[in-house]
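Okay, structure first, notes after.
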Amino acid sequence: MQASAAPSSRTSADGAGWRCRAPGSFEELIPPGEPRFSWLRPSVLWRSRNDVIARLFGDPSDRVRRRWLEALREGGADPLRFIGRPQETFSFLLLGDTGEGDKSQYAVVPGALKAGGDTDFMIIASDVIYPVGSANDYPNKFFRPYQGYPGPIFAVPGNHDWYDNLGGFMRIFCGVSGRPDPGPWRGPFRAVARLLWRHPDTPDEAALDEARKLRGAPGQQADQPAPYWAIDTPSLRVIGIDTGILGGIDREQGEWLRRVSAGPTPKLLVTGKPIHVDAKHHPGPIEGGGTVDEIVRDPANNYVAAIGGDIHNYQRYPVRVGERVIEYIVSGGGGAFMHATHTIPRQTAVDEDDFRCYPLRGDSLSFYSRLYGRALRLRRLLELSPEQAAAVVARRLDLEPTRAGQGGVHVSVRVRAVAWLLGVPRGHRRRRLRLPVHKAIQRFRSEVADWDTPPFFKSFLRVDVAPGRLRIRCYAATGCLEHELRPPLEDELRIVLPRAQGEPLPA
């Protein structure tokens, strides 16, 4: 039974969680003695170094992925088979960027179970486990938080899952173990890349066996063939792709994607890297030529939506492509620290009135002003109320405040200065000089920069599919008790799906 939605952040500050009446019950789910996760520890940053190495010396994801598929085939599996589901009517939860294992992840769980405990399956879109996708982090960052979800869980890996050479992900989701070597690198610094590359942890088999019991019911078991997959139903084909560390896909995966995308069946793409995000377009290169977005935009393939994680908030871009509209969605608010939305400029690719984001730009600015004010001990100088933040964002971007009652707030020189300093753009322009708000919690070197109290501004999606109909709802998870019981509905869209019954599966 779905819970009725509470008022959202678009209607009130209470809906945003700014006046939390009581903290949620999620803290009871966190295992006792679990160390507090922080991106500010040097050890965490060092363990995450493979992202930097991949950008400097080349991303080995394509080579390693090919070796994983070879290992699956050697074990007698078909990594390119379909996941078949005969139901025409079904639903699923979608959470992106989940696994920090701290309060911000567990705060999502009660509301997700309330709004989506009756769904048929769950999908995790990107970065199942932080910081490095280690198999040894799965007990407390995957099995424990989702032990109460009754259905199977599928996933597409994110860049952090790849920092373990995808070892933890493949073991848990695809049932294959190994430690494929990423080499050889090319170029004059290949020896340096090999020396610095972080190799996978040795799994604690006893701990993993014990953790699997938390999701040991027959109905909770997924049958995921590979790190990329397709769930085929009569009403909609859900396709998940593996974008490695830097956002591209290999040649074999590209050929597979073109094949499973063909035909009139309506399709929804789930990807580790979003295609439209922060008012930028990232089409996703395919090894050997072409892009993921070219496949999505091809009218013959009949895509209706593309959902990606990686960026830790919610954004929606209804992009007109010829005579139709494709919904490009960012859904990365499933548990990791929040990425700012107030740095997103006024839209040009879509109409600003059609663009949606959560948190709202004003709430994001207020959140980060409090974070920096607390960290720098300059609260009186830097902190902005939600009303002040909404007013200055509206002024700089020439927008109307979203929430009623936010107009008419005096925008002082101090408020304007804080907005400029924290990166609120002017019109379509971006400011180069600003504090590093986009990934502040990773870049700002202070333990107090971690935000462990409501509102968390997390989110998750519920997707309902029926013949001819697709409904996508974005719910908020603030960490407040009232929002665990009635998750606020932040966005909703309905898409008409053409019928395509009887279409044979591609060979």
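Starting from 1 in every chain, residues are counted up; chains themselves are A, B, ... following the order of the structure tokens, and ligands are numbered from 1 as listed.
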Could you pull out all residues of stretch 117-237 of chain A with a DSSP call of strand (DSSP E or B) and give them as a list in words?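 Those residues are Phe121, Met122, Ile123, Ile124, Ala125, Ile153, Phe154, Ala155, Val156, Trp229, Ala230, Ile231, Asp232 and Arg237 of chain A.
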Please produce a file of those selected residues containing all heavy atoms, as a JSON list (two decimals), in the first residue's frame.
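Saved to part_37.json:
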[["chain", "number", "residue", "atom", "x", "y", "z"],
["A", 121, "PHE", "N", 10.74, -4.82, -8.07],
["A", 121, "PHE", "CA", 12.19, -4.90, -7.94],
["A", 121, "PHE", "C", 12.74, -3.51, -7.73],
["A", 121, "PHE", "O", 12.03, -2.50, -7.85],
["A", 121, "PHE", "CB", 12.83, -5.58, -9.16],
["A", 121, "PHE", "CG", 12.54, -4.94, -10.49],
["A", 121, "PHE", "CD1", 13.37, -3.94, -10.99],
["A", 121, "PHE", "CD2", 11.45, -5.33, -11.25],
["A", 121, "PHE", "CE1", 13.11, -3.35, -12.23],
["A", 121, "PHE", "CE2", 11.18, -4.75, -12.48],
["A", 121, "PHE", "CZ", 12.01, -3.75, -12.96],
["A", 122, "MET", "N", 14.02, -3.45, -7.40],
["A", 122, "MET", "CA", 14.73, -2.19, -7.20],
["A", 122, "MET", "C", 15.92, -2.14, -8.13],
["A", 122, "MET", "O", 16.52, -3.17, -8.45],
["A", 122, "MET", "CB", 15.21, -2.06, -5.74],
["A", 122, "MET", "CG", 15.98, -0.77, -5.43],
["A", 122, "MET", "SD", 16.88, -0.81, -3.84],
["A", 122, "MET", "CE", 15.54, -0.96, -2.68],
["A", 123, "ILE", "N", 16.27, -0.93, -8.57],
["A", 123, "ILE", "CA", 17.49, -0.70, -9.35],
["A", 123, "ILE", "C", 18.33, 0.33, -8.62],
["A", 123, "ILE", "O", 17.81, 1.37, -8.19],
["A", 123, "ILE", "CB", 17.17, -0.20, -10.77],
["A", 123, "ILE", "CG1", 16.41, -1.27, -11.57],
["A", 123, "ILE", "CG2", 18.45, 0.21, -11.51],
["A", 123, "ILE", "CD1", 15.94, -0.79, -12.94],
["A", 124, "ILE", "N", 19.61, 0.04, -8.46],
["A", 124, "ILE", "CA", 20.56, 1.03, -7.95],
["A", 124, "ILE", "C", 21.35, 1.54, -9.15],
["A", 124, "ILE", "O", 22.00, 0.77, -9.85],
["A", 124, "ILE", "CB", 21.50, 0.45, -6.89],
["A", 124, "ILE", "CG1", 20.68, -0.01, -5.67],
["A", 124, "ILE", "CG2", 22.55, 1.48, -6.47],
["A", 124, "ILE", "CD1", 21.52, -0.62, -4.57],
["A", 125, "ALA", "N", 21.27, 2.85, -9.37],
["A", 125, "ALA", "CA", 21.89, 3.46, -10.55],
["A", 125, "ALA", "C", 23.16, 4.19, -10.12],
["A", 125, "ALA", "O", 23.10, 5.33, -9.68],
["A", 125, "ALA", "CB", 20.92, 4.43, -11.22],
["A", 153, "ILE", "N", 17.16, -6.91, -6.30],
["A", 153, "ILE", "CA", 17.82, -5.64, -6.57],
["A", 153, "ILE", "C", 18.82, -5.83, -7.71],
["A", 153, "ILE", "O", 19.71, -6.69, -7.63],
["A", 153, "ILE", "CB", 18.55, -5.10, -5.32],
["A", 153, "ILE", "CG1", 17.56, -4.88, -4.17],
["A", 153, "ILE", "CG2", 19.28, -3.80, -5.65],
["A", 153, "ILE", "CD1", 18.21, -4.41, -2.88],
["A", 154, "PHE", "N", 18.66, -5.04, -8.75],
["A", 154, "PHE", "CA", 19.61, -4.99, -9.86],
["A", 154, "PHE", "C", 20.41, -3.69, -9.73],
["A", 154, "PHE", "O", 20.02, -2.77, -9.02],
["A", 154, "PHE", "CB", 18.88, -5.03, -11.21],
["A", 154, "PHE", "CG", 17.99, -6.23, -11.37],
["A", 154, "PHE", "CD1", 16.64, -6.18, -11.07],
["A", 154, "PHE", "CD2", 18.51, -7.43, -11.82],
["A", 154, "PHE", "CE1", 15.81, -7.27, -11.21],
["A", 154, "PHE", "CE2", 17.69, -8.55, -11.98],
["A", 154, "PHE", "CZ", 16.34, -8.47, -11.67],
["A", 155, "ALA", "N", 21.52, -3.60, -10.45],
["A", 155, "ALA", "CA", 22.35, -2.39, -10.34],
["A", 155, "ALA", "C", 23.17, -2.19, -11.59],
["A", 155, "ALA", "O", 23.50, -3.15, -12.31],
["A", 155, "ALA", "CB", 23.27, -2.48, -9.12],
["A", 156, "VAL", "N", 23.49, -0.92, -11.86],
["A", 156, "VAL", "CA", 24.55, -0.60, -12.83],
["A", 156, "VAL", "C", 25.67, 0.06, -12.04],
["A", 156, "VAL", "O", 25.42, 0.86, -11.13],
["A", 156, "VAL", "CB", 24.05, 0.34, -13.96],
["A", 156, "VAL", "CG1", 23.01, -0.35, -14.80],
["A", 156, "VAL", "CG2", 23.51, 1.65, -13.41],
["A", 229, "TRP", "N", 22.76, -4.84, -18.73],
["A", 229, "TRP", "CA", 21.68, -5.81, -18.82],
["A", 229, "TRP", "C", 20.44, -5.16, -19.42],
["A", 229, "TRP", "O", 20.36, -3.94, -19.54],
["A", 229, "TRP", "CB", 21.34, -6.37, -17.43],
["A", 229, "TRP", "CG", 21.34, -5.33, -16.35],
["A", 229, "TRP", "CD1", 22.34, -5.06, -15.46],
["A", 229, "TRP", "CD2", 20.30, -4.37, -16.06],
["A", 229, "TRP", "NE1", 22.00, -4.01, -14.63],
["A", 229, "TRP", "CE2", 20.75, -3.57, -14.98],
["A", 229, "TRP", "CE3", 19.05, -4.11, -16.59],
["A", 229, "TRP", "CZ2", 19.99, -2.53, -14.44],
["A", 229, "TRP", "CZ3", 18.27, -3.08, -16.06],
["A", 229, "TRP", "CH2", 18.75, -2.31, -14.99],
["A", 230, "ALA", "N", 19.45, -6.00, -19.74],
["A", 230, "ALA", "CA", 18.16, -5.51, -20.24],
["A", 230, "ALA", "C", 17.05, -6.35, -19.62],
["A", 230, "ALA", "O", 17.10, -7.58, -19.65],
["A", 230, "ALA", "CB", 18.10, -5.59, -21.76],
["A", 231, "ILE", "N", 16.08, -5.68, -18.99],
["A", 231, "ILE", "CA", 14.90, -6.33, -18.45],
["A", 231, "ILE", "C", 13.78, -6.16, -19.48],
["A", 231, "ILE", "O", 13.37, -5.03, -19.77],
["A", 231, "ILE", "CB", 14.49, -5.72, -17.10],
["A", 231, "ILE", "CG1", 15.62, -5.86, -16.08],
["A", 231, "ILE", "CG2", 13.21, -6.36, -16.58],
["A", 231, "ILE", "CD1", 15.37, -5.15, -14.76],
["A", 232, "ASP", "N", 13.32, -7.26, -20.02],
["A", 232, "ASP", "CA", 12.36, -7.19, -21.12],
["A", 232, "ASP", "C", 10.96, -7.55, -20.62],
["A", 232, "ASP", "O", 10.75, -8.60, -20.00],
["A", 232, "ASP", "CB", 12.76, -8.14, -22.25],
["A", 232, "ASP", "CG", 12.06, -7.77, -23.55],
["A", 232, "ASP", "OD1", 12.40, -6.74, -24.12],
["A", 232, "ASP", "OD2", 11.16, -8.53, -23.97],
["A", 237, "ARG", "N", 10.96, -1.95, -22.11],
["A", 237, "ARG", "CA", 12.27, -2.58, -21.95],
["A", 237, "ARG", "C", 13.16, -1.63, -21.15],
["A", 237, "ARG", "O", 13.40, -0.50, -21.58],
["A", 237, "ARG", "CB", 12.89, -2.90, -23.31],
["A", 237, "ARG", "CG", 14.20, -3.68, -23.24],
["A", 237, "ARG", "CD", 14.65, -4.13, -24.62],
["A", 237, "ARG", "NE", 13.70, -5.08, -25.19],
["A", 237, "ARG", "CZ", 13.65, -5.39, -26.48],
["A", 237, "ARG", "NH1", 14.47, -4.82, -27.34],
["A", 237, "ARG", "NH2", 12.76, -6.25, -26.91]]
Produce a table with one row for each residue of stretch 168-275 of chain A that has an atom at most 12 Å from any atom of stretch 291-313 of chain A, each row naming the nearest atom pair and its distance in Å at one decimal; use only C-alpha atoms; arrange rows by chain and rising residue number; format as CSV.
residue,atom,partner,partner_atom,distance
A:Leu236,CA,A:Tyr303,CA,9.6
A:Arg237,CA,A:Tyr303,CA,9.2
A:Val238,CA,A:Ala306,CA,9.7
A:Ile239,CA,A:Ala306,CA,9.4
A:Gly240,CA,A:Ile307,CA,9.5
A:Ile241,CA,A:Val292,CA,9.5
A:Asp242,CA,A:Gly308,CA,10.8
A:Thr243,CA,A:Val292,CA,10.0
A:Gly244,CA,A:Asp310,CA,11.4
A:Ile245,CA,A:Asp310,CA,10.5
A:Leu246,CA,A:Asp310,CA,10.9
A:Gly247,CA,A:Asp310,CA,10.0
A:Gly248,CA,A:Thr291,CA,8.4
A:Ile249,CA,A:Val292,CA,8.3
A:Asp250,CA,A:Thr291,CA,10.8
A:Arg251,CA,A:Thr291,CA,10.9
A:Gln253,CA,A:Val292,CA,10.5
A:Gly254,CA,A:Val292,CA,7.9
A:Glu255,CA,A:Ile295,CA,10.7
A:Trp256,CA,A:Ile295,CA,11.4
A:Leu257,CA,A:Ile295,CA,8.1
A:Arg258,CA,A:Ile295,CA,6.7
A:Arg259,CA,A:Asn301,CA,9.7
A:Val260,CA,A:Asn301,CA,9.0
A:Ser261,CA,A:Asn301,CA,5.4
A:Ala262,CA,A:Asn301,CA,4.9
A:Gly263,CA,A:Asn301,CA,5.6
A:Pro264,CA,A:Asn302,CA,5.9
A:Thr265,CA,A:Asn302,CA,6.7
A:Pro266,CA,A:Asn302,CA,5.2
A:Lys267,CA,A:Tyr303,CA,4.5
A:Leu268,CA,A:Ala305,CA,5.0
A:Leu269,CA,A:Ala306,CA,4.5
A:Val270,CA,A:Ile307,CA,4.9
A:Thr271,CA,A:Gly308,CA,4.6
A:Gly272,CA,A:Gly309,CA,5.3
A:Lys273,CA,A:Gly308,CA,5.2
A:Pro274,CA,A:Gly308,CA,4.0
A:Ile275,CA,A:Asp293,CA,7.1
Could you work out how far atom CA of A:Gly99 lies from atom CA of A:Asn50, giving the answer in Å with one decimal? 18.0 Å
Given the choices A:Tyr328, A:Trp451, A:Trp185, A:Trp420, which gets closest to A:Leu371 if the distance is worked out from only C-alpha atoms?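 With only C-alpha atoms as the atom set, the closest residue is A:Trp451.
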Quick one: distance from atom CA of A:Asp97 to atom CA of A:Ala115 in Å, one decimal? 18.8 Å
Show me, as CSV, the residues of stretch 165-209 of chain A having an atom within 12 Å of stretch 77-82 of chain A, each with the closest atom pair and its distance in Å, using only C-alpha atoms.
residue,atom,partner,partner_atom,distance
A:Met170,CA,A:Pro79,CA,11.6
A:Cys174,CA,A:Pro79,CA,9.1
A:Gly175,CA,A:Ala77,CA,10.2
A:Val176,CA,A:Ala77,CA,9.9
Pairwise distance, atom CA of A:Gly167 with atom CA of A:Asn140, equals 17.1 Å
I'd like to know which of A:Ala394, A:Pro227, A:Asp102, A:Arg374 is closest to A:Gly33, using only C-alpha atoms. A:Asp102
Give me the residues within 7 Å of A:Lys458 as an MDAnalysis selection string, counting only C-alpha atoms and dropping any in the same chain fewer than 6 places off. chainID A and resid 108 333:335 476:478
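Residue nearest A:Pro145 within the list A:Gly117, A:Gly101, A:Pro425, A:Gly479: A:Gly101 [criterion: smallest interatomic distance, only C-alpha atoms].
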Please provide the set of residues having any atom within 12 Å of A:Ala349, restricted to only C-alpha atoms, with same-chain residues fewer than 4 positions apart removed, written as a list in words.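 So, after excluding close chain neighbours, the residues are His276, Val277, Asp278, Ala279, Lys280, His281, Arg316, Tyr317, Pro318, Val319, Arg320, Val321, Tyr328, Pro345, Asp353, Asp354, Phe355 and His428 of chain A.
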Give me every helix (DSSP H, G or I) residue in stretch 125-318 of chain A, going by DSSP on the backbone, as a VMD selection string. chain A and resid 135 to 143 161 to 164 167 to 174 190 to 196 205 to 215 218 to 220 251 to 261 292 to 297 299 to 301
Residues within 9 Å of A:Pro203, please, as a PyMOL selection string. Count only C-alpha atoms; anything in the same chain fewer than 6 positions from it doesn't count. chain A and resi 134-136+168
Could you please take those selected residues and save N, CA, C and O atoms as a PDB file, in the first residue's frame?
ATOM      1  N   SER A 134      34.465  -1.860  -2.621  1.00  0.00           N
ATOM      2  CA  SER A 134      35.048  -3.077  -2.067  1.00  0.00           C
ATOM      3  C   SER A 134      33.973  -4.071  -1.649  1.00  0.00           C
ATOM      4  O   SER A 134      32.943  -3.706  -1.067  1.00  0.00           O
ATOM      5  N   ALA A 135      34.220  -5.350  -1.909  1.00  0.00           N
ATOM      6  CA  ALA A 135      33.294  -6.398  -1.483  1.00  0.00           C
ATOM      7  C   ALA A 135      33.101  -6.374   0.030  1.00  0.00           C
ATOM      8  O   ALA A 135      32.016  -6.705   0.531  1.00  0.00           O
ATOM      9  N   ASN A 136      34.118  -5.970   0.764  1.00  0.00           N
ATOM     10  CA  ASN A 136      34.031  -5.980   2.225  1.00  0.00           C
ATOM     11  C   ASN A 136      33.140  -4.870   2.778  1.00  0.00           C
ATOM     12  O   ASN A 136      32.853  -4.855   3.980  1.00  0.00           O
ATOM     13  N   GLY A 168      34.025  -6.219  -6.296  1.00  0.00           N
ATOM     14  CA  GLY A 168      32.926  -6.366  -5.359  1.00  0.00           C
ATOM     15  C   GLY A 168      31.590  -6.444  -6.061  1.00  0.00           C
ATOM     16  O   GLY A 168      30.732  -7.278  -5.727  1.00  0.00           O
TER      17      GLY A 168
END
